[in-house]
file run-v5.cif (mmCIF, C-alpha atoms)
data_final
loop_
_atom_site.group_PDB
_atom_site.id
_atom_site.type_symbol
_atom_site.label_atom_id
_atom_site.label_comp_id
_atom_site.auth_asym_id
_atom_site.auth_seq_id
_atom_site.Cartn_x
_atom_site.Cartn_y
_atom_site.Cartn_z
ATOM 1 C CA MET A 1202 103.250 175.448 69.986
ATOM 2 C CA PRO A 1203 99.734 174.252 70.923
ATOM 3 C CA LYS A 1204 96.986 176.845 71.194
ATOM 4 C CA ARG A 1205 96.485 176.156 74.893
ATOM 5 C CA THR A 1206 100.145 176.830 75.626
ATOM 6 C CA LEU A 1207 99.988 180.094 73.668
ATOM 7 C CA ARG A 1208 96.837 181.172 75.512
ATOM 8 C CA LEU A 1209 98.407 180.367 78.871
ATOM 9 C CA ALA A 1210 101.578 182.265 77.950
ATOM 10 C CA GLU A 1211 99.493 185.331 77.108
ATOM 11 C CA LEU A 1212 97.454 184.962 80.295
ATOM 12 C CA PHE A 1213 100.608 184.642 82.398
ATOM 13 C CA LYS A 1214 102.075 187.696 80.680
ATOM 14 C CA GLN A 1215 98.995 189.795 81.474
ATOM 15 C CA GLU A 1216 98.772 188.603 85.053
ATOM 16 C CA LEU A 1217 102.465 189.000 85.831
ATOM 17 C CA THR A 1218 102.621 192.410 84.155
ATOM 18 C CA GLY A 1219 99.806 193.626 86.403
ATOM 19 C CA TRP A 1220 101.397 192.065 89.464
ATOM 20 C CA LEU A 1221 104.816 193.541 88.718
ATOM 21 C CA SER A 1222 103.351 196.971 87.997
ATOM 22 C CA ARG A 1223 102.345 197.061 91.649
ATOM 23 C CA ASN A 1224 106.066 196.431 92.412
ATOM 24 C CA PRO A 1225 105.556 193.822 95.140
ATOM 25 C CA GLY A 1226 109.282 193.458 95.772
ATOM 26 C CA GLY A 1227 109.942 197.166 96.089
ATOM 27 C CA ARG A 1228 113.321 196.748 94.385
ATOM 28 C CA ILE A 1229 112.404 197.259 90.746
ATOM 29 C CA HIS A 1230 114.283 200.232 89.325
ATOM 30 C CA GLY A 1231 114.035 201.731 85.868
ATOM 31 C CA LEU A 1232 111.215 201.034 83.456
ATOM 32 C CA LEU A 1233 110.437 197.304 83.479
ATOM 33 C CA THR A 1234 108.778 195.781 80.418
ATOM 34 C CA ILE A 1235 107.668 192.178 80.042
ATOM 35 C CA THR A 1236 108.616 191.415 76.437
ATOM 36 C CA GLY A 1237 107.253 187.891 76.319
ATOM 37 C CA VAL A 1238 106.463 184.692 78.157
ATOM 38 C CA THR A 1239 107.387 181.186 77.112
ATOM 39 C CA VAL A 1240 105.618 178.191 78.635
ATOM 40 C CA SER A 1241 106.974 174.671 78.240
ATOM 41 C CA PRO A 1242 104.648 172.181 76.513
ATOM 42 C CA ASP A 1243 104.279 170.177 79.743
ATOM 43 C CA LEU A 1244 103.384 173.413 81.634
ATOM 44 C CA GLU A 1245 106.151 172.755 84.150
ATOM 45 C CA HIS A 1246 108.186 175.882 83.373
ATOM 46 C CA CYS A 1247 107.413 179.482 82.531
ATOM 47 C CA VAL A 1248 110.145 181.858 81.376
ATOM 48 C CA VAL A 1249 109.307 185.538 81.627
ATOM 49 C CA HIS A 1250 111.419 187.664 79.293
ATOM 50 C CA TYR A 1251 111.898 191.264 80.392
ATOM 51 C CA SER A 1252 113.809 194.409 79.558
ATOM 52 C CA VAL A 1253 114.720 197.373 81.709
ATOM 53 C CA PHE A 1254 115.083 200.924 80.493
ATOM 54 C CA GLY A 1255 117.479 202.636 82.831
ATOM 55 C CA SER A 1256 121.048 202.623 83.992
ATOM 56 C CA GLU A 1257 123.196 199.508 84.181
ATOM 57 C CA ALA A 1258 122.742 199.562 87.971
ATOM 58 C CA ASP A 1259 118.945 199.614 87.479
ATOM 59 C CA LYS A 1260 119.198 196.543 85.241
ATOM 60 C CA VAL A 1261 121.290 194.637 87.769
ATOM 61 C CA THR A 1262 119.137 195.610 90.758
ATOM 62 C CA THR A 1263 115.914 194.759 88.929
ATOM 63 C CA GLY A 1264 117.316 191.431 87.695
ATOM 64 C CA GLU A 1265 118.300 190.424 91.222
ATOM 65 C CA ALA A 1266 114.907 191.485 92.569
ATOM 66 C CA LEU A 1267 113.075 189.472 89.913
ATOM 67 C CA GLU A 1268 115.143 186.374 90.687
ATOM 68 C CA ARG A 1269 114.145 186.660 94.351
ATOM 69 C CA MET A 1270 110.509 187.256 93.378
ATOM 70 C CA ALA A 1271 110.207 184.156 91.141
ATOM 71 C CA PRO A 1272 108.660 181.959 93.892
ATOM 72 C CA GLN A 1273 106.193 184.747 94.722
ATOM 73 C CA ALA A 1274 105.299 185.013 91.036
ATOM 74 C CA ARG A 1275 104.536 181.288 90.954
ATOM 75 C CA HIS A 1276 102.397 181.648 94.062
ATOM 76 C CA TYR A 1277 100.570 184.552 92.413
ATOM 77 C CA LEU A 1278 99.866 182.439 89.308
ATOM 78 C CA GLY A 1279 98.479 179.767 91.633
ATOM 79 C CA LYS A 1280 95.453 181.998 92.134
ATOM 80 C CA LEU A 1281 94.463 181.196 88.538
ATOM 81 C CA ARG A 1282 93.375 177.736 89.728
ATOM 82 C CA LEU A 1283 95.071 175.674 87.058
ATOM 83 C CA LYS A 1284 95.958 172.003 87.430
ATOM 84 C CA LYS A 1285 99.653 172.773 87.036
ATOM 85 C CA ILE A 1286 101.348 175.961 88.104
ATOM 86 C CA PRO A 1287 104.692 176.326 86.339
ATOM 87 C CA VAL A 1288 107.978 177.207 87.982
ATOM 88 C CA VAL A 1289 108.674 180.824 87.022
ATOM 89 C CA ALA A 1290 112.054 182.087 85.859
ATOM 90 C CA PHE A 1291 112.935 185.590 84.713
ATOM 91 C CA ARG A 1292 115.377 186.141 81.823
ATOM 92 C CA TYR A 1293 116.745 189.470 80.629
ATOM 93 C CA ASP A 1294 115.847 190.214 77.006
ATOM 94 C CA ASP A 1295 118.284 192.546 75.287
ATOM 95 C CA THR A 1296 116.352 192.583 72.002
ATOM 96 C CA PRO A 1297 114.989 196.135 72.541
ATOM 97 C CA ALA A 1298 118.520 197.446 73.117
ATOM 98 C CA GLN A 1299 119.787 195.633 70.027
ATOM 99 C CA ALA A 1300 116.903 197.002 67.955
ATOM 100 C CA ALA A 1301 117.648 200.538 69.148
ATOM 101 C CA ARG A 1302 121.302 200.097 68.194
ATOM 102 C CA VAL A 1303 120.398 198.824 64.706
ATOM 103 C CA GLU A 1304 118.006 201.740 64.228
ATOM 104 C CA GLU A 1305 120.742 204.149 65.304
ATOM 105 C CA ILE A 1306 123.088 202.631 62.706
ATOM 106 C CA PHE A 1307 120.451 202.950 59.960
ATOM 107 C CA ASN A 1308 119.788 206.565 60.905
ATOM 108 C CA HIS A 1309 123.508 207.282 60.743
ATOM 109 C CA ILE A 1310 123.765 205.648 57.304
ATOM 110 C CA ASN A 1311 120.715 207.552 56.025
ATOM 111 C CA ALA A 1312 122.159 210.837 57.274
ATOM 112 C CA GLU A 1313 125.389 210.165 55.366
ATOM 113 C CA GLU A 1314 123.571 209.226 52.143
ATOM 114 C CA LYS A 1315 121.424 212.343 51.837
ATOM 115 C CA PRO A 1316 122.479 214.182 48.699
ATOM 116 C CA GLN A 1317 123.969 217.623 49.108
ATOM 117 C CA ASP A 1318 122.352 220.427 47.097
ATOM 118 C CA ASP A 1319 125.039 221.831 44.829
ATOM 119 C CA LYS A 1320 123.963 225.373 44.012
ATOM 120 C CA ALA A 1321 126.638 227.325 42.276
#
call {"tool": "encode", "arguments": {"input": "run-v5.cif", "output": "structure tokens"}}
result
Amino acid sequence: MPKRTLRLAELFKQELTGWLSRNPGGRIHGLLTITGVTVSPDLEHCVVHYSVFGSEADKVTTGEALERMAPQARHYLGKLRLKKIPVVAFRYDDTPAQAARVEEIFNHINAEEKPQDDKA
């Protein structure tokens, strides 16, 4: 990925994280984390990857709110005064949940493998 695209992805991540922390839609529930941003090489599309720590209902409600907020997010990025402002899409990222599950499995395995002290 070209350096410019990487820099823009990082800039978009910072800007959108700040914007979302102010909860402009009022419908974000749970703890929302922007896990990454991917920008297409032609700068036409921007995919914002996010995770939500909370109940399943929080995840659904937040996902629906973010989908409705995508045009507002693009408008917000327009204030950066770039030649092209990408179309913004939000995608749920379940990597943190998968990582937590793998860690839980490793902890369980480690707990089973600890040697017992045989003192007789």
call {"tool": "atom_distance", "arguments": {"input": "run-v5.cif", "atom1": "atom CA of A:Thr1239", "atom2": "atom CA of A:Leu1207"}}
result
8.2 Å
call {"tool": "axis_aligned_box", "arguments": {"input": "run-v5.cif", "around": "stretch 1278-1291 of chain A", "padding_each_side": "8 Å", "output": "JSON"}}
result
{"center_x": 103.2, "center_y": 178.8, "center_z": 88.4, "size_x": 35.6, "size_y": 29.6, "size_z": 23.4}
call {"tool": "atom_distance", "arguments": {"input": "run-v5.cif", "atom1": "atom CA of A:Thr1262", "atom2": "atom CA of A:Leu1212"}}
result
26.3 Å
call {"tool": "atom_distance", "arguments": {"input": "run-v5.cif", "atom1": "atom CA of A:Gly1279", "atom2": "atom CA of A:Phe1213"}}
result
10.7 Å
call {"tool": "resolve_selection", "arguments": {"input": "run-v5.cif", "expression": "the PyMOL selection byres ((chain A and resi 1235) around 8)", "output": "ChimeraX atom specification"}}
result
/A:1214,1218,1233-1234,1236-1238,1249-1252
call {"tool": "closest_residue", "arguments": {"input": "run-v5.cif", "among": "A:Arg1302, A:Tyr1293, A:Lys1204, A:Ile1286", "to": "A:Pro1272", "atoms": "only C-alpha atoms"}}
result
A:Ile1286
call {"tool": "closest_residue", "arguments": {"input": "run-v5.cif", "among": "A:Ala1210, A:Leu1217, A:Ile1229, A:Val1248", "to": "A:Arg1292", "atoms": "only C-alpha atoms"}}
result
A:Val1248
call {"tool": "closest_residue", "arguments": {"input": "run-v5.cif", "among": "A:Arg1275, A:Leu1221, A:Leu1232, A:Ile1310", "to": "A:Ser1256", "atoms": "only C-alpha atoms"}}
result
A:Leu1232
call {"tool": "closest_residue", "arguments": {"input": "run-v5.cif", "among": "A:Val1303, A:Leu1283, A:Leu1209, A:Ala1298", "to": "A:Ser1241", "atoms": "only C-alpha atoms"}}
result
A:Leu1209
call {"tool": "closest_residue", "arguments": {"input": "run-v5.cif", "among": "A:Gln1299, A:Ala1290, A:Arg1205, A:Arg1282", "to": "A:Asp1243", "atoms": "all atoms listed in the file"}}
result
A:Arg1205
call {"tool": "closest_residue", "arguments": {"input": "run-v5.cif", "among": "A:Val1240, A:Ala1266, A:Cys1247, A:Val1253", "to": "A:Thr1296", "atoms": "only C-alpha atoms"}}
result
A:Val1253
